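Chemist: Below you'll find run_18.cif; it's mmCIF, C-alpha atoms and all ligand atoms.
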data_input
loop_
_atom_site.label_atom_id
_atom_site.label_comp_id
_atom_site.auth_asym_id
_atom_site.auth_seq_id
_atom_site.Cartn_x
_atom_site.Cartn_y
_atom_site.Cartn_z
CA MET A 1 -7.69 14.25 -16.78
CA THR A 2 -8.45 14.23 -13.04
CA PRO A 3 -5.88 12.23 -11.04
CA VAL A 4 -7.20 9.22 -9.15
CA VAL A 5 -5.24 10.44 -6.15
CA SER A 6 -3.88 13.93 -5.80
CA VAL A 7 -1.55 14.88 -2.97
CA GLN A 8 -1.27 18.62 -2.38
CA GLY A 9 1.31 20.22 -0.12
CA ILE A 10 1.44 17.52 2.54
CA THR A 11 3.67 18.29 5.50
CA ARG A 12 4.20 16.06 8.52
CA THR A 13 6.21 16.86 11.60
CA GLY A 14 7.54 14.28 14.08
CA ALA A 15 8.88 14.50 17.59
CA ALA A 16 10.69 17.74 18.53
CA GLY A 17 9.32 19.45 15.45
CA ARG A 18 11.42 17.40 13.03
CA VAL A 19 10.01 17.69 9.51
CA LEU A 20 9.30 14.19 8.16
CA LEU A 21 7.45 15.25 5.00
CA ASP A 22 8.07 18.65 3.49
CA ASP A 23 5.45 20.08 1.16
CA ILE A 24 4.84 16.96 -0.92
CA THR A 25 2.75 17.38 -4.04
CA MET A 26 2.17 14.52 -6.47
CA ASP A 27 -0.58 13.01 -8.61
CA VAL A 28 -1.40 9.38 -9.30
CA MET A 29 -3.13 9.05 -12.66
CA ALA A 30 -5.39 6.16 -13.65
CA GLY A 31 -3.34 3.22 -14.87
CA GLU A 32 -0.06 4.52 -13.53
CA GLY A 33 2.65 2.49 -11.85
CA ILE A 34 4.73 4.90 -9.80
CA ALA A 35 8.00 4.00 -8.10
CA LEU A 36 8.74 5.84 -4.88
CA VAL A 37 12.47 5.55 -4.30
CA GLY A 38 15.06 7.06 -2.00
CA PRO A 39 17.54 6.11 0.70
CA SER A 40 16.51 4.45 3.96
CA GLY A 41 14.87 7.02 6.18
CA SER A 42 14.03 9.38 3.29
CA GLY A 43 10.32 9.20 4.13
CA LYS A 44 8.86 6.67 1.69
CA SER A 45 6.80 4.75 4.25
CA THR A 46 5.83 7.98 5.98
CA LEU A 47 4.56 9.39 2.68
CA LEU A 48 2.58 6.27 1.76
CA ARG A 49 0.99 6.24 5.21
CA ALA A 50 0.15 9.92 4.88
CA ILE A 51 -1.43 9.37 1.47
CA ALA A 52 -3.52 6.53 2.92
CA ARG A 53 -4.49 8.96 5.72
CA LEU A 54 -3.23 6.48 8.31
CA ASP A 55 -1.19 9.16 10.07
CA PRO A 56 -2.13 12.76 10.82
CA ILE A 57 -0.90 15.38 8.36
CA ARG A 58 -0.16 18.93 9.41
CA ASN A 59 -0.76 20.81 6.18
CA GLY A 60 -2.07 19.88 2.79
CA TYR A 61 -4.71 17.47 1.66
CA VAL A 62 -5.38 14.33 -0.35
CA LYS A 63 -8.05 14.14 -3.04
CA ILE A 64 -9.60 11.15 -4.73
CA ASN A 65 -11.03 11.78 -8.18
CA GLY A 66 -11.10 15.49 -7.34
CA ASP A 67 -12.84 15.14 -3.94
CA THR A 68 -10.92 16.22 -0.85
CA ILE A 69 -10.86 13.52 1.83
CA THR A 70 -12.49 14.81 4.98
CA SER A 71 -12.02 13.00 8.31
CA ALA A 72 -15.46 11.42 7.97
CA ALA A 73 -14.56 10.09 4.52
CA ILE A 74 -11.29 8.43 5.60
CA PRO A 75 -12.70 4.89 6.27
CA ASN A 76 -14.23 4.74 2.81
CA PHE A 77 -11.12 6.25 1.24
CA ARG A 78 -8.93 3.52 2.82
CA ARG A 79 -10.93 0.91 0.93
CA ARG A 80 -10.36 2.73 -2.34
CA VAL A 81 -6.67 3.38 -1.67
CA VAL A 82 -5.20 0.40 0.17
CA TYR A 83 -1.84 0.54 1.93
CA LEU A 84 0.22 -2.67 2.09
CA ALA A 85 2.66 -2.35 4.96
CA GLN A 86 6.20 -3.63 4.83
CA ARG A 87 5.41 -5.56 8.01
CA PRO A 88 1.67 -6.21 7.73
CA ALA A 89 -0.40 -5.98 10.90
CA MET A 90 -2.43 -9.12 11.58
CA ILE A 91 -5.23 -9.30 14.13
CA VAL A 92 -5.36 -12.17 16.62
CA GLY A 93 -7.18 -15.02 14.91
CA THR A 94 -6.98 -17.13 11.79
CA VAL A 95 -5.78 -16.07 8.37
CA GLU A 96 -9.39 -16.15 7.21
CA GLN A 97 -10.48 -13.83 10.04
CA ASN A 98 -7.77 -11.44 8.87
CA LEU A 99 -9.03 -11.62 5.30
CA GLN A 100 -12.59 -10.99 6.52
CA LEU A 101 -11.65 -7.99 8.65
CA PRO A 102 -12.07 -5.21 6.04
CA PHE A 103 -15.58 -6.48 5.33
CA SER A 104 -16.66 -6.22 8.96
CA PHE A 105 -16.44 -2.41 9.03
CA ALA A 106 -19.44 -0.16 8.56
CA SER A 107 -17.68 1.47 5.58
CA SER A 108 -17.72 -1.86 3.71
CA GLN A 109 -20.08 -2.02 0.78
CA SER A 110 -19.15 -5.53 -0.31
CA ASN A 111 -18.95 -8.99 1.19
CA TYR A 112 -16.07 -11.32 1.85
CA ASP A 113 -15.78 -13.84 -1.00
CA ARG A 114 -14.35 -17.08 0.38
CA ALA A 115 -14.07 -18.85 -2.98
CA ARG A 116 -12.13 -15.91 -4.39
CA ALA A 117 -9.84 -15.88 -1.36
CA ILE A 118 -9.10 -19.57 -1.90
CA ASP A 119 -8.41 -18.96 -5.61
CA LEU A 120 -6.06 -16.08 -4.90
CA LEU A 121 -4.21 -18.00 -2.18
CA GLY A 122 -3.99 -20.93 -4.60
CA GLU A 123 -2.13 -18.72 -7.06
CA LEU A 124 0.45 -18.19 -4.34
CA ASP A 125 1.85 -21.71 -4.30
CA ARG A 126 -0.97 -23.70 -2.74
CA LEU A 127 -1.45 -21.34 0.15
CA GLU A 128 -5.20 -22.05 0.04
CA GLY A 129 -4.64 -24.45 2.95
CA ILE A 130 -3.67 -21.69 5.33
CA LEU A 131 -7.12 -20.14 5.81
CA ASP A 132 -7.54 -21.85 9.19
CA GLN A 133 -3.98 -21.21 10.33
CA ASP A 134 -3.35 -18.90 13.29
CA ALA A 135 -2.17 -15.67 11.67
CA SER A 136 0.44 -15.13 14.40
CA THR A 137 2.25 -18.24 13.18
CA LEU A 138 2.74 -16.92 9.63
CA SER A 139 6.24 -16.05 8.48
CA GLY A 140 6.92 -12.46 7.49
CA GLY A 141 6.81 -13.47 3.83
CA GLU A 142 3.50 -15.32 4.24
CA GLN A 143 2.06 -12.24 5.93
CA GLN A 144 3.05 -10.15 2.92
CA LEU A 145 1.32 -12.66 0.61
CA VAL A 146 -1.84 -12.70 2.74
CA SER A 147 -1.81 -8.93 2.82
CA LEU A 148 -1.80 -8.80 -1.01
CA VAL A 149 -4.72 -11.23 -1.13
CA ARG A 150 -6.61 -9.11 1.40
CA ALA A 151 -5.96 -5.98 -0.66
CA ILE A 152 -7.19 -7.63 -3.89
CA LEU A 153 -10.35 -8.86 -2.15
CA VAL A 154 -11.13 -5.28 -1.07
CA ASP A 155 -11.02 -4.30 -4.76
CA PRO A 156 -9.39 -0.87 -4.42
CA GLU A 157 -8.65 1.67 -7.13
CA VAL A 158 -5.09 2.28 -5.95
CA MET A 159 -2.58 0.20 -4.00
CA LEU A 160 0.26 1.75 -2.02
CA LEU A 161 2.84 -1.04 -1.70
CA ASP A 162 5.60 -0.49 0.84
CA GLU A 163 8.49 -2.83 0.05
CA PRO A 164 5.87 -5.53 -0.33
CA THR A 165 8.26 -8.35 -1.22
CA ALA A 166 11.08 -7.55 1.21
CA SER A 167 10.57 -10.82 3.12
CA LEU A 168 9.97 -13.11 0.13
CA ASP A 169 12.21 -15.70 -1.50
CA ALA A 170 12.70 -15.53 -5.28
CA ALA A 171 9.87 -17.94 -6.15
CA SER A 172 7.34 -16.23 -3.86
CA LEU A 173 8.46 -12.86 -5.16
CA ASP A 174 7.63 -14.00 -8.72
CA ARG A 175 4.20 -15.16 -7.64
CA PHE A 176 3.56 -11.96 -5.69
CA GLU A 177 4.49 -9.80 -8.70
CA SER A 178 2.41 -11.92 -11.02
CA LEU A 179 -0.69 -11.79 -8.77
CA ALA A 180 -0.24 -8.04 -8.27
CA SER A 181 0.18 -7.48 -12.03
CA GLY A 182 -2.92 -9.56 -12.68
CA TRP A 183 -4.86 -7.24 -10.37
CA LYS A 184 -3.49 -4.09 -12.01
CA ASN A 185 -3.98 -5.32 -15.57
CA GLY A 186 -7.55 -6.33 -14.73
CA ASP A 187 -8.71 -2.73 -15.12
CA PRO A 188 -6.85 0.04 -16.98
CA ARG A 189 -7.82 2.57 -14.30
CA ARG A 190 -6.04 0.74 -11.49
CA ALA A 191 -2.83 2.33 -10.29
CA TRP A 192 -0.14 1.83 -7.68
CA VAL A 193 2.72 3.49 -5.89
CA TRP A 194 5.43 0.95 -5.12
CA THR A 195 8.51 1.36 -2.94
CA SER A 196 11.44 -0.99 -3.29
CA HIS A 197 15.20 -0.99 -2.96
CA ASP A 198 15.32 -3.51 -5.84
CA ALA A 199 16.01 -1.60 -9.06
CA ASP A 200 15.05 -4.59 -11.22
CA GLN A 201 11.68 -4.82 -9.49
CA ILE A 202 11.12 -1.10 -10.01
CA ASP A 203 11.84 -1.63 -13.74
CA ARG A 204 9.40 -4.53 -13.93
CA MET A 205 6.55 -3.04 -11.93
CA THR A 206 6.56 0.72 -12.52
CA THR A 207 6.77 3.28 -15.32
CA ARG A 208 7.49 6.56 -13.53
CA THR A 209 9.79 7.33 -10.62
CA ILE A 210 9.43 9.83 -7.80
CA ARG A 211 12.55 10.28 -5.73
CA LEU A 212 12.55 11.31 -2.08
CA ALA A 213 15.38 12.59 0.09
CA GLY A 214 14.97 13.99 3.57
CA GLY A 215 11.18 14.06 3.26
CA ARG A 216 11.22 16.11 0.03
CA ILE A 217 10.67 15.17 -3.58
CA THR A 218 13.98 15.69 -5.33
CA HIS A 219 13.15 14.45 -8.77
CA GLU A 220 9.94 13.61 -10.54
N1 LIG A 301 5.97 8.52 13.89
C1 LIG A 301 7.19 9.00 13.70
N2 LIG A 301 7.73 9.89 14.58
C2 LIG A 301 8.97 10.37 14.43
N3 LIG A 301 9.78 10.02 13.41
C3 LIG A 301 9.30 9.17 12.50
C4 LIG A 301 7.99 8.62 12.59
N4 LIG A 301 7.80 7.79 11.55
C5 LIG A 301 8.94 7.82 10.83
N5 LIG A 301 9.83 8.65 11.40
C6 LIG A 301 11.19 8.98 10.90
O1 LIG A 301 11.00 9.49 9.59
C7 LIG A 301 12.08 9.10 8.76
C8 LIG A 301 11.55 8.44 7.52
O2 LIG A 301 11.13 7.10 7.84
P1 LIG A 301 10.47 6.15 6.75
O3 LIG A 301 10.14 4.87 7.45
O4 LIG A 301 9.38 6.86 6.09
O5 LIG A 301 11.69 5.95 5.75
P2 LIG A 301 11.77 5.04 4.44
O6 LIG A 301 12.24 5.93 3.34
O7 LIG A 301 10.52 4.29 4.24
O8 LIG A 301 12.96 4.07 4.83
P3 LIG A 301 13.25 2.50 4.47
O9 LIG A 301 13.73 2.49 3.04
O10 LIG A 301 14.32 2.14 5.44
O11 LIG A 301 11.97 1.74 4.67
C9 LIG A 301 12.98 8.23 9.60
O12 LIG A 301 14.07 8.99 10.04
C10 LIG A 301 12.10 7.80 10.74
O13 LIG A 301 12.85 7.58 11.89
#
Would you give me this structure, written as structure tokens?
Modeler:
Amino acid sequence: MTPVVSVQGITRTGAAGRVLLDDITMDVMAGEGIALVGPSGSGKSTLLRAIARLDPIRNGYVKINGDTITSAAIPNFRRRVVYLAQRPAMIVGTVEQNLQLPFSFASSQSNYDRARAIDLLGELDRLEGILDQDASTLSGGEQQLVSLVRAILVDPEVMLLDEPTASLDAASLDRFESLASGWKNGDPRRAWVWTSHDADQIDRMTTRTIRLAGGRITHE
């Protein structure tokens, strides 16, 4: 079976030639829930950003369904493989303008669905009222919730979730996991790579673990 996302020999070097990612090869199969674990600074965020082609990679390549992602194909790829940052970036404007943003790009082949956005926010403890709120006034946890809603609206094939509930209280964390699971269970081909320092969350949300240390995979 062809992996949804295939990562082949990715290397990334930082300042002063320091190796941040060292020859990473891994596949994400349809339906998989992969945990990416390792100590702080081991390269988890760096790897997820490299897979999403948000940062330059020195060697190696990323394929989606067998097709290598060229530079020209990156915008479209980022809609199919969505990265949820630990500290989501919000543009200046309302929450709704942030939710609409991915649909304003030329690569977008779908339209923003306001009713769906309201439904999804409603599943997150009556957050439907925050559409008109200035995004800069959101708490870190609210930004993580909005970022999940934005990702679901984009309808990707794969989500790369980088400690996505790190700023959430227990009740919001439950709702986040439940909304995320609803998305994943909605289509057996959907997959994710999830980083977390919470072993219980890894047990709940993933079925296979990839371990990183010093920018290398140490155990698969
Ligand atoms: N753009 C960059 N330039 C130089 N060094 C970087 C860059 N981005 C990350 N690093 C370094 O790479 C290492 C890995 O960082 P990364 O954020 O990927 O770790 P992590 O495993 O996600 O950690 P945490 O669990 O704390 O989130 C760190 O030492 C970090 O300082």
Chemist: List all protein, DNA and RNA residues that have any atom at most 6 Å from ligand LIG 301 (chain A), counting only C-alpha atoms and all ligand atoms, and write the list as a ChimeraX atom specification.
Modeler: /A:14-15,20,39-46
Chemist: Please indicate the distance in Å from atom CA of Asp174 of chain A to atom CA of Gln100 of chain A, rounded to one decimal place.
Modeler: 25.5 Å
Chemist: In Å, with one decimal, what is the gap from atom CA of Thr206 of chain A to atom CA of Leu121 of chain A?
Modeler: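 Computed distance, atom CA of Thr206 of chain A to atom CA of Leu121 of chain A, equals 23.9 Å.
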Chemist: Just to confirm, what's the straight-line distance from atom CA of Leu138 of chain A to atom CA of Ala191 of chain A in Å (one decimal)?
Modeler: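 Between atom CA of Leu138 of chain A and atom CA of Ala191 of chain A the gap works out to 28.3 Å.
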Chemist: Check the smallest atom-to-atom distance from each of A:Gly186, A:Gly214, A:Gly122, A:Pro164 to Leu84 of chain A using only C-alpha atoms, then report the winner.
Modeler: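 Ranked by minimum distance to Leu84 of chain A, first place goes to A:Pro164.
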Chemist: Do a neighbour search on Ala180 of chain A at 10 Å with all atoms listed in the file, toss out local chain neighbours closer than 5 positions, and write the hits as a list in words.
Modeler: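 With the cut-off at 10 Å, the set is Leu148, Val149, Ala151, Ile152, Met159, Asp174, Arg175, Asn185, Gly186, Trp192 and Met205 of chain A.
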Chemist: Between A:Val154, A:Val146, A:Leu101, A:Val19, which is the closest to Arg79 of chain A once you count all atoms listed in the file?
Modeler: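 For Arg79 of chain A, the nearest of the given residues is A:Val154.
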Chemist: For segment 85-192 of chain A versus segment 58-71 of chain A, which residues have an atom no more than 12 Å away, and what is each residue's nearest atom pair and distance in Å rounded to one decimal, using all atoms listed in the file, chain-then-number order, as CSV?
Modeler:
residue,atom,partner,partner_atom,distance
A:Glu157,CA,A:Ile64,CA,9.8
A:Val158,CA,A:Ile64,CA,10.0
A:Arg189,CA,A:Asn65,CA,11.5
Chemist: Identify the residues around (8.1, 8.6, -16.9) within a radius of 10 Å, measuring from only C-alpha atoms in the coordinates stated by the file, and give them as a list in words.
Modeler: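 Nearby residues: Glu32, Gly33, Ile34, Ala35, Thr206, Thr207, Arg208, Thr209, Ile210 and Glu220 of chain A.
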Chemist: Smallest atom-to-atom distance to Ser136 of chain A: which of A:Ala166, A:Leu124, A:Met90, A:Val37, using only C-alpha atoms?
Modeler: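 Nearest candidate to Ser136 of chain A out of A:Ala166, A:Leu124, A:Met90, A:Val37: A:Met90.
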Chemist: Which residues are near Ser172 of chain A? Cut-off 10 Å, only C-alpha atoms, ignore same chain within fewer than 5 positions. Put them as a list in words.
Modeler: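 Near neighbours after the sequence-gap exclusion: Leu124, Asp125, Gly141, Glu142, Leu145, Thr165, Ser167, Glu177 and Ser178 of chain A.
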Chemist: Find the residues near Arg78 of chain A: any atom within 9 Å, counting all atoms listed in the file, skip ones fewer than 5 places away on the same chain, and give them as a list in words.
Modeler: Ala52, Arg53, Leu54, Ala73, Tyr83 and Pro156 of chain A
Chemist: Please return segment 153-173 of chain A, rebuilt to N, CA and C atoms, as an mmCIF file, keeping the file's coordinate frame.
Modeler:
data_model
loop_
_atom_site.group_PDB
_atom_site.id
_atom_site.type_symbol
_atom_site.label_atom_id
_atom_site.label_comp_id
_atom_site.auth_asym_id
_atom_site.auth_seq_id
_atom_site.Cartn_x
_atom_site.Cartn_y
_atom_site.Cartn_z
ATOM 1 N N LEU A 153 -8.948 -8.579 -2.489
ATOM 2 C CA LEU A 153 -10.350 -8.860 -2.150
ATOM 3 C C LEU A 153 -11.130 -7.572 -1.910
ATOM 4 N N VAL A 154 -10.465 -6.565 -1.354
ATOM 5 C CA VAL A 154 -11.130 -5.280 -1.070
ATOM 6 C C VAL A 154 -11.473 -4.542 -2.356
ATOM 7 N N ASP A 155 -10.735 -4.885 -3.448
ATOM 8 C CA ASP A 155 -11.020 -4.300 -4.760
ATOM 9 C C ASP A 155 -10.830 -2.770 -4.777
ATOM 10 N N PRO A 156 -9.623 -2.317 -4.449
ATOM 11 C CA PRO A 156 -9.390 -0.870 -4.420
ATOM 12 C C PRO A 156 -9.157 -0.298 -5.811
ATOM 13 N N GLU A 157 -9.033 1.028 -5.871
ATOM 14 C CA GLU A 157 -8.650 1.670 -7.130
ATOM 15 C C GLU A 157 -7.137 1.853 -7.191
ATOM 16 N N VAL A 158 -6.539 2.022 -6.025
ATOM 17 C CA VAL A 158 -5.090 2.280 -5.950
ATOM 18 C C VAL A 158 -4.503 1.436 -4.825
ATOM 19 N N MET A 159 -3.334 0.861 -5.076
ATOM 20 C CA MET A 159 -2.580 0.200 -4.000
ATOM 21 C C MET A 159 -1.319 0.995 -3.730
ATOM 22 N N LEU A 160 -0.983 1.118 -2.459
ATOM 23 C CA LEU A 160 0.260 1.750 -2.020
ATOM 24 C C LEU A 160 1.082 0.618 -1.406
ATOM 25 N N LEU A 161 2.116 0.168 -2.126
ATOM 26 C CA LEU A 161 2.840 -1.040 -1.700
ATOM 27 C C LEU A 161 4.206 -0.635 -1.146
ATOM 28 N N ASP A 162 4.409 -0.934 0.133
ATOM 29 C CA ASP A 162 5.600 -0.490 0.840
ATOM 30 C C ASP A 162 6.582 -1.658 0.975
ATOM 31 N N GLU A 163 7.544 -1.706 0.089
ATOM 32 C CA GLU A 163 8.490 -2.830 0.050
ATOM 33 C C GLU A 163 7.758 -4.146 0.272
ATOM 34 N N PRO A 164 6.799 -4.435 -0.610
ATOM 35 C CA PRO A 164 5.870 -5.530 -0.330
ATOM 36 C C PRO A 164 6.481 -6.916 -0.463
ATOM 37 N N THR A 165 7.669 -7.015 -1.065
ATOM 38 C CA THR A 165 8.260 -8.350 -1.220
ATOM 39 C C THR A 165 9.563 -8.480 -0.448
ATOM 40 N N ALA A 166 9.792 -7.571 0.499
ATOM 41 C CA ALA A 166 11.080 -7.550 1.210
ATOM 42 C C ALA A 166 11.375 -8.858 1.940
ATOM 43 N N SER A 167 10.320 -9.590 2.341
ATOM 44 C CA SER A 167 10.570 -10.820 3.120
ATOM 45 C C SER A 167 10.383 -12.088 2.286
ATOM 46 N N LEU A 168 10.305 -11.947 0.958
ATOM 47 C CA LEU A 168 9.970 -13.110 0.130
ATOM 48 C C LEU A 168 11.188 -13.713 -0.560
ATOM 49 N N ASP A 169 11.172 -15.048 -0.704
ATOM 50 C CA ASP A 169 12.210 -15.700 -1.500
ATOM 51 C C ASP A 169 11.890 -15.474 -2.979
ATOM 52 N N ALA A 170 12.828 -15.861 -3.853
ATOM 53 C CA ALA A 170 12.700 -15.530 -5.280
ATOM 54 C C ALA A 170 11.412 -16.083 -5.897
ATOM 55 N N ALA A 171 11.058 -17.333 -5.541
ATOM 56 C CA ALA A 171 9.870 -17.940 -6.150
ATOM 57 C C ALA A 171 8.602 -17.229 -5.684
ATOM 58 N N SER A 172 8.527 -16.928 -4.396
ATOM 59 C CA SER A 172 7.340 -16.230 -3.860
ATOM 60 C C SER A 172 7.264 -14.822 -4.419
ATOM 61 N N LEU A 173 8.430 -14.211 -4.597
ATOM 62 C CA LEU A 173 8.460 -12.860 -5.160
ATOM 63 C C LEU A 173 7.849 -12.870 -6.571
#
